[in-house]
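**Q** structure-v7.pdb is the file, holding PDB, C-alpha atoms:
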```pdb
ATOM      1  CA  MET A   1     153.428 125.321  71.432
ATOM      2  CA  HIS A   2     156.689 124.149  72.865
ATOM      3  CA  PHE A   3     156.524 123.291  76.560
ATOM      4  CA  ALA A   4     159.485 122.668  78.839
ATOM      5  CA  PHE A   5     159.879 122.614  82.576
ATOM      6  CA  ARG A   6     162.366 125.268  83.627
ATOM      7  CA  ALA A   7     165.537 124.183  85.365
ATOM      8  CA  ALA A   8     165.347 125.512  88.921
ATOM      9  CA  ARG A   9     168.500 126.630  90.661
ATOM     10  CA  VAL A  10     168.466 124.088  93.442
ATOM     11  CA  LEU A  11     170.219 124.498  96.763
ATOM     12  CA  ALA A  12     173.148 122.112  97.171
ATOM     13  CA  LEU A  13     172.283 120.276  93.955
ATOM     14  CA  ALA A  14     173.575 120.469  90.409
ATOM     15  CA  THR A  15     171.302 122.313  88.017
ATOM     16  CA  LEU A  16     169.217 119.899  85.993
ATOM     17  CA  PRO A  17     168.698 120.234  82.217
ATOM     18  CA  LEU A  18     165.406 121.269  80.712
ATOM     19  CA  THR A  19     163.059 118.424  79.868
ATOM     20  CA  LEU A  20     161.679 119.194  76.442
ATOM     21  CA  THR A  21     158.424 118.150  74.887
ATOM     22  CA  ALA A  22     158.651 117.967  71.119
ATOM     23  CA  CYS A  23     156.599 120.463  69.154
ATOM     24  CA  GLY A  24     153.440 118.951  67.759
ATOM     25  CA  SER A  25     152.943 116.479  70.590
ATOM     26  CA  SER A  26     151.686 116.592  74.142
ATOM     27  CA  ASP A  27     151.693 114.527  77.299
ATOM     28  CA  SER A  28     150.501 114.737  80.874
ATOM     29  CA  SER A  29     153.229 117.222  81.833
ATOM     30  CA  GLY A  30     153.205 119.553  78.837
ATOM     31  CA  SER A  31     151.424 120.855  75.799
ATOM     32  CA  SER A  32     152.185 121.742  72.246
ATOM     33  CA  LYS A  33     150.870 123.570  69.220
ATOM     34  CA  SER A  34     151.563 123.162  65.573
ATOM     35  CA  ALA A  35     150.615 125.445  62.716
ATOM     36  CA  GLY A  36     147.238 124.911  61.054
ATOM     37  CA  HIS A  37     145.828 126.097  57.765
ATOM     38  CA  ALA A  38     146.142 129.704  56.671
ATOM     39  CA  SER A  39     142.951 131.698  57.118
ATOM     40  CA  SER A  40     141.051 132.982  54.128
ATOM     41  CA  ALA A  41     140.764 136.657  53.248
ATOM     42  CA  SER A  42     136.959 136.624  53.230
ATOM     43  CA  PRO A  43     134.948 139.122  55.309
ATOM     44  CA  ASP A  44     133.736 136.210  57.423
ATOM     45  CA  ASP A  45     137.285 135.232  58.392
ATOM     46  CA  PRO A  46     137.286 134.848  62.218
ATOM     47  CA  ASN A  47     141.030 135.539  62.230
ATOM     48  CA  ALA A  48     140.772 138.825  60.338
ATOM     49  CA  GLY A  49     142.967 141.467  61.925
ATOM     50  CA  LEU A  50     144.791 139.044  64.200
ATOM     51  CA  LEU A  51     148.579 138.942  64.085
ATOM     52  CA  THR A  52     150.202 135.821  62.676
ATOM     53  CA  GLY A  53     152.989 133.979  64.435
ATOM     54  CA  ALA A  54     155.498 135.559  62.060
ATOM     55  CA  GLN A  55     154.264 139.022  63.075
ATOM     56  CA  LEU A  56     154.193 138.159  66.781
ATOM     57  CA  LYS A  57     157.764 136.895  66.547
ATOM     58  CA  LYS A  58     158.911 140.390  65.589
ATOM     59  CA  ALA A  59     157.478 141.757  68.851
ATOM     60  CA  LEU A  60     159.519 139.388  71.026
ATOM     61  CA  ALA A  61     162.533 140.963  72.717
ATOM     62  CA  PRO A  62     165.740 140.553  70.659
ATOM     63  CA  ALA A  63     168.996 139.036  71.895
ATOM     64  CA  SER A  64     170.328 142.536  72.652
ATOM     65  CA  PHE A  65     167.689 142.892  75.410
ATOM     66  CA  PHE A  66     169.203 140.100  77.491
ATOM     67  CA  ALA A  67     172.243 140.393  79.731
ATOM     68  CA  SER A  68     175.653 139.056  78.781
ATOM     69  CA  GLY A  69     175.838 135.278  79.120
ATOM     70  CA  PHE A  70     172.267 134.654  77.993
ATOM     71  CA  ALA A  71     171.705 132.871  74.687
ATOM     72  CA  VAL A  72     168.565 131.663  72.958
ATOM     73  CA  ASP A  73     167.718 127.979  73.297
ATOM     74  CA  PRO A  74     167.080 126.909  69.673
ATOM     75  CA  SER A  75     164.886 124.007  70.774
ATOM     76  CA  GLY A  76     162.566 126.431  72.567
ATOM     77  CA  ALA A  77     162.007 128.835  69.657
ATOM     78  CA  ARG A  78     158.592 128.254  68.054
ATOM     79  CA  ASP A  79     155.974 130.224  66.160
ATOM     80  CA  SER A  80     152.938 129.473  64.010
ATOM     81  CA  GLY A  81     154.355 131.243  60.954
ATOM     82  CA  ASP A  82     151.839 132.735  58.525
ATOM     83  CA  THR A  83     149.097 130.269  59.428
ATOM     84  CA  TYR A  84     146.501 130.027  62.199
ATOM     85  CA  THR A  85     145.652 127.135  64.502
ATOM     86  CA  PRO A  86     142.166 126.001  65.577
ATOM     87  CA  PRO A  87     141.490 127.571  68.998
ATOM     88  CA  SER A  88     140.194 126.037  72.198
ATOM     89  CA  THR A  89     137.962 128.467  74.081
ATOM     90  CA  ALA A  90     136.796 126.270  76.955
ATOM     91  CA  PRO A  91     138.591 126.961  80.260
ATOM     92  CA  ALA A  92     140.055 123.934  81.987
ATOM     93  CA  ALA A  93     137.577 122.446  84.476
ATOM     94  CA  LYS A  94     140.448 121.659  86.805
ATOM     95  CA  PRO A  95     143.808 123.351  86.180
ATOM     96  CA  LYS A  96     146.978 121.269  86.032
ATOM     97  CA  CYS A  97     148.918 123.305  88.548
ATOM     98  CA  ASP A  98     152.355 121.973  87.608
ATOM     99  CA  ARG A  99     152.036 123.706  84.230
ATOM    100  CA  LEU A 100     153.062 126.869  86.073
ATOM    101  CA  GLY A 101     156.534 125.339  86.188
ATOM    102  CA  GLY A 102     156.901 125.284  82.403
ATOM    103  CA  THR A 103     157.707 127.696  79.607
ATOM    104  CA  ALA A 104     154.181 127.518  78.141
ATOM    105  CA  TRP A 105     152.583 128.102  81.530
ATOM    106  CA  ILE A 106     149.788 130.261  80.089
ATOM    107  CA  ASP A 107     148.216 126.988  78.870
ATOM    108  CA  ILE A 108     147.073 126.365  82.442
ATOM    109  CA  THR A 109     143.918 128.284  81.468
ATOM    110  CA  GLY A 110     142.902 125.586  78.987
ATOM    111  CA  ILE A 111     142.234 128.297  76.380
ATOM    112  CA  THR A 112     144.444 128.367  73.298
ATOM    113  CA  GLY A 113     144.857 131.037  70.668
ATOM    114  CA  VAL A 114     145.094 130.952  66.900
ATOM    115  CA  SER A 115     148.715 132.064  66.524
ATOM    116  CA  PHE A 116     151.764 132.307  68.750
ATOM    117  CA  ALA A 117     155.496 132.995  68.972
ATOM    118  CA  GLN A 118     157.895 132.119  71.775
ATOM    119  CA  ASN A 119     161.500 131.528  72.753
ATOM    120  CA  ASP A 120     163.712 131.087  75.810
ATOM    121  CA  TYR A 121     167.037 132.575  76.824
ATOM    122  CA  VAL A 122     169.267 130.635  79.203
ATOM    123  CA  SER A 123     172.415 131.822  80.980
ATOM    124  CA  LYS A 124     175.415 129.620  80.250
ATOM    125  CA  ASN A 125     176.940 130.707  83.561
ATOM    126  CA  THR A 126     174.062 130.269  86.011
ATOM    127  CA  SER A 127     171.355 128.353  84.075
ATOM    128  CA  GLU A 128     168.918 131.169  84.867
ATOM    129  CA  ASP A 129     166.013 131.028  82.440
ATOM    130  CA  ILE A 130     163.966 133.796  80.791
ATOM    131  CA  GLY A 131     161.041 132.823  78.579
ATOM    132  CA  GLN A 132     158.801 134.996  76.420
ATOM    133  CA  GLU A 133     155.633 134.187  74.509
ATOM    134  CA  ILE A 134     152.787 135.983  72.740
ATOM    135  CA  ASP A 135     149.466 134.357  71.839
ATOM    136  CA  ALA A 136     146.727 135.882  69.671
ATOM    137  CA  TYR A 137     143.041 135.137  70.360
ATOM    138  CA  ARG A 138     139.752 135.765  68.573
ATOM    139  CA  GLY A 139     137.245 138.375  69.746
ATOM    140  CA  GLU A 140     137.116 138.865  73.512
ATOM    141  CA  THR A 141     138.907 135.604  74.256
ATOM    142  CA  ALA A 142     142.119 137.317  75.427
ATOM    143  CA  ALA A 143     140.188 138.953  78.274
ATOM    144  CA  ARG A 144     138.741 135.544  79.183
ATOM    145  CA  VAL A 145     142.258 134.109  79.306
ATOM    146  CA  MET A 146     143.236 136.685  81.924
ATOM    147  CA  GLU A 147     140.130 135.869  83.982
ATOM    148  CA  ALA A 148     140.773 132.130  83.683
ATOM    149  CA  LEU A 149     144.397 132.610  84.723
ATOM    150  CA  GLU A 150     143.425 134.359  87.942
ATOM    151  CA  LYS A 151     140.911 131.601  88.736
ATOM    152  CA  ALA A 152     143.519 128.926  88.042
ATOM    153  CA  VAL A 153     146.044 130.526  90.367
ATOM    154  CA  THR A 154     143.404 130.829  93.079
ATOM    155  CA  ALA A 155     142.854 127.080  92.756
ATOM    156  CA  CYS A 156     146.586 126.314  92.610
ATOM    157  CA  THR A 157     148.084 127.418  95.912
ATOM    158  CA  SER A 158     150.933 124.928  95.440
ATOM    159  CA  PHE A 159     152.254 122.083  93.283
ATOM    160  CA  THR A 160     155.102 119.577  93.369
ATOM    161  CA  ASP A 161     158.323 120.413  91.507
ATOM    162  CA  SER A 162     159.018 117.550  89.082
ATOM    163  CA  GLN A 163     162.781 117.900  89.535
ATOM    164  CA  THR A 164     163.196 118.344  93.292
ATOM    165  CA  HIS A 165     159.902 116.709  94.366
ATOM    166  CA  SER A 166     159.488 119.602  96.781
ATOM    167  CA  LYS A 167     156.460 121.845  97.334
ATOM    168  CA  VAL A 168     156.225 125.034  95.292
ATOM    169  CA  LYS A 169     154.192 127.880  96.799
ATOM    170  CA  VAL A 170     152.094 129.894  94.345
ATOM    171  CA  THR A 171     150.903 133.470  94.883
ATOM    172  CA  GLY A 172     149.283 135.849  92.397
ATOM    173  CA  ARG A 173     148.204 139.465  92.155
ATOM    174  CA  ALA A 174     146.760 141.910  89.635
ATOM    175  CA  THR A 175     149.460 144.222  88.272
ATOM    176  CA  PRO A 176     148.653 147.758  87.072
ATOM    177  CA  GLY A 177     150.473 149.657  84.357
ATOM    178  CA  LEU A 178     151.068 146.827  81.886
ATOM    179  CA  GLY A 179     148.949 146.760  78.737
ATOM    180  CA  ASP A 180     145.175 146.394  79.072
ATOM    181  CA  GLY A 181     145.533 144.390  82.277
ATOM    182  CA  ALA A 182     148.199 142.183  83.801
ATOM    183  CA  TYR A 183     148.635 139.480  86.418
ATOM    184  CA  THR A 184     151.837 138.481  88.205
ATOM    185  CA  ILE A 185     152.521 135.056  89.714
ATOM    186  CA  THR A 186     155.379 134.260  92.086
ATOM    187  CA  LEU A 187     156.645 130.709  92.603
ATOM    188  CA  THR A 188     158.848 129.978  95.628
ATOM    189  CA  ASP A 189     160.344 126.773  96.988
ATOM    190  CA  SER A 190     162.722 126.236  99.907
ATOM    191  CA  ALA A 191     164.737 123.848  97.708
ATOM    192  CA  TRP A 192     165.491 126.594  95.171
ATOM    193  CA  GLU A 193     168.160 129.288  95.363
ATOM    194  CA  ASN A 194     165.756 131.751  93.742
ATOM    195  CA  GLY A 195     162.075 131.789  92.911
ATOM    196  CA  THR A 196     160.315 132.333  89.594
ATOM    197  CA  THR A 197     158.151 135.228  88.430
ATOM    198  CA  LEU A 198     155.493 134.812  85.745
ATOM    199  CA  VAL A 199     153.711 137.790  84.216
ATOM    200  CA  ALA A 200     150.749 137.777  81.813
ATOM    201  CA  ALA A 201     149.651 141.016  80.151
ATOM    202  CA  ARG A 202     146.868 141.594  77.645
ATOM    203  CA  VAL A 203     147.339 143.920  74.676
ATOM    204  CA  GLY A 204     144.066 143.969  72.747
ATOM    205  CA  THR A 205     143.548 140.464  71.348
ATOM    206  CA  ASN A 206     147.034 139.326  72.382
ATOM    207  CA  VAL A 207     148.353 137.949  75.665
ATOM    208  CA  VAL A 208     152.023 138.299  76.556
ATOM    209  CA  SER A 209     153.398 135.733  78.991
ATOM    210  CA  VAL A 210     156.918 135.797  80.406
ATOM    211  CA  MET A 211     158.884 133.705  82.868
ATOM    212  CA  SER A 212     162.048 134.692  84.735
ATOM    213  CA  THR A 213     164.367 133.080  87.257
ATOM    214  CA  ASP A 214     166.962 135.811  86.669
ATOM    215  CA  GLY A 215     168.460 137.737  89.590
ATOM    216  CA  HIS A 216     167.977 137.458  93.332
ATOM    217  CA  ASP A 217     164.404 138.765  93.560
ATOM    218  CA  ASP A 218     162.551 135.675  92.339
ATOM    219  CA  GLY A 219     163.098 136.954  88.811
ATOM    220  CA  ALA A 220     160.646 139.832  89.364
ATOM    221  CA  ALA A 221     162.568 142.810  87.951
ATOM    222  CA  THR A 222     163.547 141.044  84.737
ATOM    223  CA  ALA A 223     160.040 139.655  84.221
ATOM    224  CA  LYS A 224     158.467 143.105  84.542
ATOM    225  CA  LYS A 225     161.063 144.756  82.304
ATOM    226  CA  LEU A 226     160.629 142.118  79.602
ATOM    227  CA  THR A 227     156.830 142.344  79.746
ATOM    228  CA  LYS A 228     156.993 146.124  79.291
ATOM    229  CA  ARG A 229     159.316 145.681  76.307
ATOM    230  CA  ILE A 230     156.954 143.262  74.545
ATOM    231  CA  VAL A 231     153.811 145.252  75.402
ATOM    232  CA  THR A 232     155.380 148.375  73.867
ATOM    233  CA  ALA A 233     156.382 146.474  70.731
ATOM    234  CA  LEU A 234     152.860 145.082  70.305
ATOM    235  CA  LYS A 235     151.296 148.513  70.669
ATOM    236  CA  GLN A 236     153.574 149.793  67.917
ATOM    237  CA  THR A 237     152.608 146.850  65.715
ATOM    238  CA  SER A 238     148.859 147.352  66.145
TER     239      SER A 238
END
```
Just give me the structure of the file as structure tokens.

**A**
Amino acid sequence: MHFAFRAARVLALATLPLTLTACGSSDSSGSSKSAGHASSASPDDPNAGLLTGAQLKKALAPASFFASGFAVDPSGARDSGDTYTPPSTAPAAKPKCDRLGGTAWIDITGITGVSFAQNDYVSKNTSEDIGQEIDAYRGETAARVMEALEKAVTACTSFTDSQTHSKVKVTGRATPGLGDGAYTITLTDSAWENGTTLVAARVGTNVVSVMSTDGHDDGAATAKKLTKRIVTALKQTS
């Protein structure tokens, strides 16, 4: 999974570029995934019925969804193709709170899926950032991801922004009406012009996660609209 810290719109400062972590590697500030071996077609296949990265990619919102001025960041477009990756089902003992400031923020749970697709759209005019991702999990793991996310946010009331070195306030709440359950996180910082909204929504064995700094409402309206778009697409795929 590609992981990049989003470029905050900082008061009285020039917007900083995204710091990218190369796919297939990880460090203390990010995470990554790379495609594994394709699953077999046997009845005992633990990935049977799960969408591949190539299928999940089709459920991501297309370029036409985004407002004029937004363009996809090629370096942030990743998916696991037609293969599956070995999962990690153990929640993080202690969440790394600053992961909430990155495009692959759902990894704060410490639970990884078996396939994924993601990309980011950035405004050339304002540097506002909108990220979208879908991860597929085995069995009941997707529900555990949502539970782990809520616990992580409860433990992470704040973290330090790596760009501005200022304190980011974190708040979260359950959000009705999106998929089989959803959770919204709001990040605010006095050094930013606008906050960030993160939304995670479960659709069966899949978890949608979006990030938005778009607009003047901490990115909330765009994040909710994008989540609804992806949730609807996944339901049509299932």

**Q** Evaluate the PyMOL selection byres ((chain A and resi 122) around 9) on the structure here and hand back the selected residues as a PyMOL selection string.

**A** chain A and resi 69-73+120-121+123-131

**Q** Applying 7 Å and all atoms listed in the file, which residues near stretch 159-169 of chain A remain after dropping the ones on its own chain fewer than 6 positions away? List them as a VMD selection string.

**A** chain A and resid 97 to 98 187 to 189 191

**Q** Pick the closest to A:Ala92 from A:Val145, A:Ala104, A:Ala223, A:Ile185: which is it, counting only C-alpha atoms?

**A**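 Among A:Val145, A:Ala104, A:Ala223, A:Ile185, it is A:Val145 that comes nearest to A:Ala92.
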
**Q** Pull out every residue that the PyMOL selection byres ((chain A and resi 47) around 8) matches in the shown coordinates and put them as a list in words.

**A**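 Those residues are Ser39, Asp45, Pro46, Ala48, Gly49, Leu50, Tyr84, Val114 and Arg138 of chain A.
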
**Q** To one decimal place, how far is atom CA of A:Pro176 from atom CA of A:Ala152 in Å?

**A**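 Taking atom CA of A:Pro176 as the start and atom CA of A:Ala152 as the end point, the length is 19.5 Å.
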